[in-house]
2 protein chains.
Amino acid sequence: MKLLEDRIRKEGKVLPGGIIKVDGFLNHRVDPALMKDLAKEIHRYFPDEGITAILTCEASGIAFGEACAEEFGVPMVFAKKAKSDNIEGGLYQSQIFSYTYKKTVTLIVAKDWLNASDKVLIVDDFLANGEALRGLVEIVRQAGAELAGIGIAVEKGFQPGGKKLRDQGIKLHSLAIIESADENGITFREEC
Amino acid sequence: MKLLEDRIRKEGKVLPGGIIKVDGFLNHRVDPALMKDLAKEIHRYFPDEGITAILTCEASGIAFGEACAEEFGVPMVFAKKAKSDNIEGGLYQSQIFSYTYKKTVTLIVAKDWLNASDKVLIVDDFLANGEALRGLVEIVRQAGAELAGIGIAVEKGFQPGGKKLRDQGIKLHSLAIIESADENGITFREEC
């Protein structure tokens, strides 16, 4: 999606270790107009498929998830990390490794908010190693719900998450796939 | 705001200890249409005041913050809890006590995304003891920015946060103020 690629080229920063910072418009300061454009594009890719819920992961997935939920006209559920005392009753749970925080965290979703009658579109702002998404897919399976697919804003194509998910036959669409990022600039994968 | 009060009466649950769960539409599963209505009401209360940024706190403030940012046509910045390795450079920081997690956490905002030219509206989904909001107000002050006010979805009027903030002269508007909540039901404060 050219709009997003242009924005990443213009405002993204490449840090050592292949870290790409897009925190000026995507995941610390959020541009709501861009979120809406990204959500419309996700909706074009997953049109009229009977999706009943958007599932994402706290914290940085929530803004994109909210925009997608508004576009699809369905609720957005966000998985929480670790257990707070305010979550009662049954939980779907999945353990993932957080590369950001360098530790294992548990994703949880209250059973009240997803069940076997749901058709779920998972969305997230970023896909790199794919751990968060692996956890979200596992939660959809625990719920017995149908997985419509996964919509991502920015995928790091040089990390293994995208391939692992596509190899499982999951319909995964990323709005921008970064093929390489270094001091010479950012290169995107050509859209198929 | 009657729409929100009706929704809380219909779908909210009161747990022992005055905990009010509204996680079916506000802070675990999120209803995007309701978020939009709440954001419009916040905009009516803070109209045309030259607001340049919405500031909220991860995680459950983000969906409401995103809806408000879209309504005001400005970016939304969300404070993060604790430091991840991906945040470089200068940070505004404020320590707060999280009653949810029963520990002290540090709210952080990268200095890149708020400065003295900003006029900031803080929003959050919930106000009880007001610790998160105290931290966010401190961050606005560290930035040298102007505080336009605070917009809240649900305030627990029987806890001290709202009074503490109003006593400082901060313009605080809550869309629903719960006066009491127990096995007999939920009572709201009359709108002034």
# chains A, B, ... in the order shown; residues from 1 in each chain; ligands from 1

call {"tool": "interface_residues", "arguments": {"of": "chain A", "to": "chain B", "cutoff": "7 Å", "atoms": "only C-alpha atoms", "output": "PyMOL selection string"}}
result
chain A and resi 28-33+58-59+62-63+66+69-70+75-78+84-85+100-101+113

call {"tool": "write_last_selection", "arguments": {"atoms": "N, CA and C atoms", "output": "PDB file, in the first residue's frame"}}
result
ATOM      1  N   HIS A  28       2.964   4.788  18.997  1.00  0.00           N
ATOM      2  CA  HIS A  28       3.155   5.523  20.255  1.00  0.00           C
ATOM      3  C   HIS A  28       2.347   6.817  20.112  1.00  0.00           C
ATOM      4  N   ARG A  29       2.681   7.601  19.064  1.00  0.00           N
ATOM      5  CA  ARG A  29       1.736   8.603  18.584  1.00  0.00           C
ATOM      6  C   ARG A  29       1.019   7.979  17.389  1.00  0.00           C
ATOM      7  N   VAL A  30      -0.300   8.090  17.366  1.00  0.00           N
ATOM      8  CA  VAL A  30      -1.096   7.412  16.342  1.00  0.00           C
ATOM      9  C   VAL A  30      -1.836   8.461  15.511  1.00  0.00           C
ATOM     10  N   ASP A  31      -1.764   8.324  14.185  1.00  0.00           N
ATOM     11  CA  ASP A  31      -2.489   9.222  13.279  1.00  0.00           C
ATOM     12  C   ASP A  31      -3.834   8.570  12.945  1.00  0.00           C
ATOM     13  N   PRO A  32      -4.923   9.094  13.489  1.00  0.00           N
ATOM     14  CA  PRO A  32      -6.216   8.420  13.302  1.00  0.00           C
ATOM     15  C   PRO A  32      -6.679   8.410  11.839  1.00  0.00           C
ATOM     16  N   ALA A  33      -6.290   9.416  11.057  1.00  0.00           N
ATOM     17  CA  ALA A  33      -6.686   9.433   9.636  1.00  0.00           C
ATOM     18  C   ALA A  33      -5.984   8.298   8.883  1.00  0.00           C
ATOM     19  N   GLU A  58      -3.019  -6.150  23.169  1.00  0.00           N
ATOM     20  CA  GLU A  58      -2.571  -4.896  23.744  1.00  0.00           C
ATOM     21  C   GLU A  58      -1.060  -4.811  23.601  1.00  0.00           C
ATOM     22  N   ALA A  59      -0.456  -3.625  23.568  1.00  0.00           N
ATOM     23  CA  ALA A  59      -1.141  -2.364  23.596  1.00  0.00           C
ATOM     24  C   ALA A  59      -1.188  -1.762  22.195  1.00  0.00           C
ATOM     25  N   ILE A  62      -4.124  -1.972  19.497  1.00  0.00           N
ATOM     26  CA  ILE A  62      -5.498  -1.548  19.803  1.00  0.00           C
ATOM     27  C   ILE A  62      -5.993  -0.441  18.878  1.00  0.00           C
ATOM     28  N   ALA A  63      -5.151   0.538  18.572  1.00  0.00           N
ATOM     29  CA  ALA A  63      -5.616   1.655  17.739  1.00  0.00           C
ATOM     30  C   ALA A  63      -5.980   1.155  16.333  1.00  0.00           C
ATOM     31  N   GLU A  66      -9.136  -1.000  16.602  1.00  0.00           N
ATOM     32  CA  GLU A  66     -10.329  -0.161  16.763  1.00  0.00           C
ATOM     33  C   GLU A  66     -10.779   0.392  15.405  1.00  0.00           C
ATOM     34  N   ALA A  69     -12.270  -2.424  13.435  1.00  0.00           N
ATOM     35  CA  ALA A  69     -13.582  -2.800  13.984  1.00  0.00           C
ATOM     36  C   ALA A  69     -14.646  -1.813  13.529  1.00  0.00           C
ATOM     37  N   GLU A  70     -14.308  -0.534  13.512  1.00  0.00           N
ATOM     38  CA  GLU A  70     -15.272   0.479  13.063  1.00  0.00           C
ATOM     39  C   GLU A  70     -15.598   0.245  11.588  1.00  0.00           C
ATOM     40  N   PRO A  75     -17.429  -5.766  16.922  1.00  0.00           N
ATOM     41  CA  PRO A  75     -16.630  -5.453  18.108  1.00  0.00           C
ATOM     42  C   PRO A  75     -15.151  -5.797  17.916  1.00  0.00           C
ATOM     43  N   MET A  76     -14.306  -5.109  18.671  1.00  0.00           N
ATOM     44  CA  MET A  76     -12.882  -5.420  18.717  1.00  0.00           C
ATOM     45  C   MET A  76     -12.576  -5.978  20.095  1.00  0.00           C
ATOM     46  N   VAL A  77     -11.942  -7.138  20.123  1.00  0.00           N
ATOM     47  CA  VAL A  77     -11.494  -7.724  21.387  1.00  0.00           C
ATOM     48  C   VAL A  77      -9.982  -7.615  21.411  1.00  0.00           C
ATOM     49  N   PHE A  78      -9.425  -7.112  22.515  1.00  0.00           N
ATOM     50  CA  PHE A  78      -7.971  -7.147  22.579  1.00  0.00           C
ATOM     51  C   PHE A  78      -7.509  -8.085  23.682  1.00  0.00           C
ATOM     52  N   SER A  84      -4.752  -9.562  35.327  1.00  0.00           N
ATOM     53  CA  SER A  84      -5.047  -8.573  36.366  1.00  0.00           C
ATOM     54  C   SER A  84      -6.131  -9.160  37.245  1.00  0.00           C
ATOM     55  N   ASP A  85      -6.304  -8.583  38.417  1.00  0.00           N
ATOM     56  CA  ASP A  85      -7.294  -9.123  39.348  1.00  0.00           C
ATOM     57  C   ASP A  85      -8.723  -8.891  38.881  1.00  0.00           C
ATOM     58  N   THR A 100      10.142  -7.740  22.453  1.00  0.00           N
ATOM     59  CA  THR A 100      10.257  -6.365  22.938  1.00  0.00           C
ATOM     60  C   THR A 100      10.689  -6.356  24.398  1.00  0.00           C
ATOM     61  N   TYR A 101      10.044  -7.223  25.195  1.00  0.00           N
ATOM     62  CA  TYR A 101      10.322  -7.208  26.630  1.00  0.00           C
ATOM     63  C   TYR A 101      11.257  -8.337  27.058  1.00  0.00           C
ATOM     64  N   TRP A 113     -16.064 -13.321  25.506  1.00  0.00           N
ATOM     65  CA  TRP A 113     -16.041 -12.415  24.347  1.00  0.00           C
ATOM     66  C   TRP A 113     -15.634 -13.057  23.036  1.00  0.00           C
TER      67      TRP A 113
END

call {"tool": "residues_around", "arguments": {"residues": "Arg141 of chain B", "least_positions_apart": "4", "cutoff": "10 Å", "atoms": "only C-alpha atoms", "output": "list in words"}}
result
Tyr92, Asn115, Ala116, Gly135, Leu136, Val137, Ala145, Glu146 and Leu147 of chain B

call {"tool": "write_last_selection", "arguments": {"atoms": "C-alpha atoms", "output": "PDB file, in the first residue's frame"}}
result
ATOM      1  CA  TYR B  92       8.817  12.187  29.982  1.00  0.00           C
ATOM      2  CA  ASN B 115       6.127  19.684  23.458  1.00  0.00           C
ATOM      3  CA  ALA B 116       5.440  23.198  24.731  1.00  0.00           C
ATOM      4  CA  GLY B 135       0.694  10.707  35.906  1.00  0.00           C
ATOM      5  CA  LEU B 136      -0.620  11.941  32.562  1.00  0.00           C
ATOM      6  CA  VAL B 137      -1.126  15.480  33.936  1.00  0.00           C
ATOM      7  CA  ALA B 145       2.259  21.868  27.130  1.00  0.00           C
ATOM      8  CA  GLU B 146      -1.108  23.403  27.940  1.00  0.00           C
ATOM      9  CA  LEU B 147      -3.710  21.111  29.509  1.00  0.00           C
TER      10      LEU B 147
END

call {"tool": "select_by_dssp", "arguments": {"residues": "segment 35-150 of chain B", "states": "strand (DSSP E)", "output": "short mmCIF file (atom, residue, chain, number, x, y, z; two decimals) with C-alpha atoms, in the first residue's frame"}}
result
data_model
loop_
_atom_site.label_atom_id
_atom_site.label_comp_id
_atom_site.auth_asym_id
_atom_site.auth_seq_id
_atom_site.Cartn_x
_atom_site.Cartn_y
_atom_site.Cartn_z
CA ALA B 53 -3.14 16.14 20.77
CA ILE B 54 -5.12 13.53 22.67
CA LEU B 55 -3.10 11.87 25.44
CA THR B 56 -4.12 8.60 27.04
CA CYS B 57 -2.55 5.61 28.74
CA MET B 76 -3.38 10.41 19.79
CA VAL B 77 -0.36 9.74 21.99
CA PHE B 78 -0.55 6.89 24.47
CA ALA B 79 1.73 6.72 27.48
CA LYS B 80 3.43 3.36 27.83
CA LYS B 81 3.95 1.51 31.08
CA LEU B 91 11.34 10.46 27.80
CA TYR B 92 8.82 12.19 29.98
CA GLN B 93 8.26 9.90 32.96
CA SER B 94 5.82 9.72 35.83
CA GLN B 95 5.52 7.08 38.52
CA ILE B 96 2.03 6.00 39.49
CA PHE B 97 0.53 3.28 41.64
CA SER B 98 -1.56 0.81 39.65
CA LYS B 103 2.40 -2.12 42.07
CA THR B 104 4.16 1.06 41.06
CA VAL B 105 4.54 1.52 37.33
CA THR B 106 6.24 4.24 35.32
CA LEU B 107 4.32 6.00 32.58
CA ILE B 108 6.55 7.12 29.73
CA VAL B 109 6.06 9.31 26.67
CA ALA B 110 8.82 10.00 24.15
CA LYS B 119 -2.58 21.89 23.85
CA VAL B 120 -3.47 18.49 25.23
CA LEU B 121 -6.75 16.82 26.04
CA ILE B 122 -6.22 13.81 28.30
CA VAL B 123 -8.80 11.04 27.96
CA ASP B 124 -9.25 7.69 29.65
CA ASP B 125 -11.87 4.98 29.80
CA PHE B 126 -12.03 4.88 33.59
CA LEU B 127 -11.41 7.19 36.55
CA GLU B 146 -1.11 23.40 27.94
CA LEU B 147 -3.71 21.11 29.51
CA ALA B 148 -7.12 21.68 27.90
CA GLY B 149 -8.81 19.28 30.28
CA ILE B 150 -9.67 15.66 30.91
#

call {"tool": "residues_around", "arguments": {"residues": "Ser180 of chain B", "least_positions_apart": "4", "cutoff": "8 Å", "atoms": "only C-alpha atoms", "output": "short mmCIF file (atom, residue, chain, number, x, y, z; two decimals) with N, CA and C atoms, in the first residue's frame"}}
result
data_model
loop_
_atom_site.label_atom_id
_atom_site.label_comp_id
_atom_site.auth_asym_id
_atom_site.auth_seq_id
_atom_site.Cartn_x
_atom_site.Cartn_y
_atom_site.Cartn_z
N LYS B 156 -15.88 6.57 38.70
CA LYS B 156 -16.44 6.03 39.93
C LYS B 156 -16.45 7.18 40.95
N GLY B 157 -17.62 7.80 41.09
CA GLY B 157 -17.74 9.01 41.90
C GLY B 157 -17.51 8.77 43.38
N PHE B 158 -17.56 7.50 43.79
CA PHE B 158 -17.36 7.19 45.21
C PHE B 158 -15.90 6.91 45.53
N ILE B 186 -26.89 0.01 40.21
CA ILE B 186 -25.93 1.09 39.99
C ILE B 186 -26.69 2.41 39.97
N THR B 187 -26.19 3.39 40.73
CA THR B 187 -26.81 4.72 40.75
C THR B 187 -25.83 5.71 40.15
N PHE B 188 -26.34 6.58 39.29
CA PHE B 188 -25.49 7.58 38.65
C PHE B 188 -25.71 8.96 39.26
#

call {"tool": "residues_around", "arguments": {"residues": "Leu175 of chain A", "least_positions_apart": "4", "cutoff": "7 Å", "atoms": "only C-alpha atoms", "output": "VMD selection string"}}
result
chain A and resid 1 152 to 154
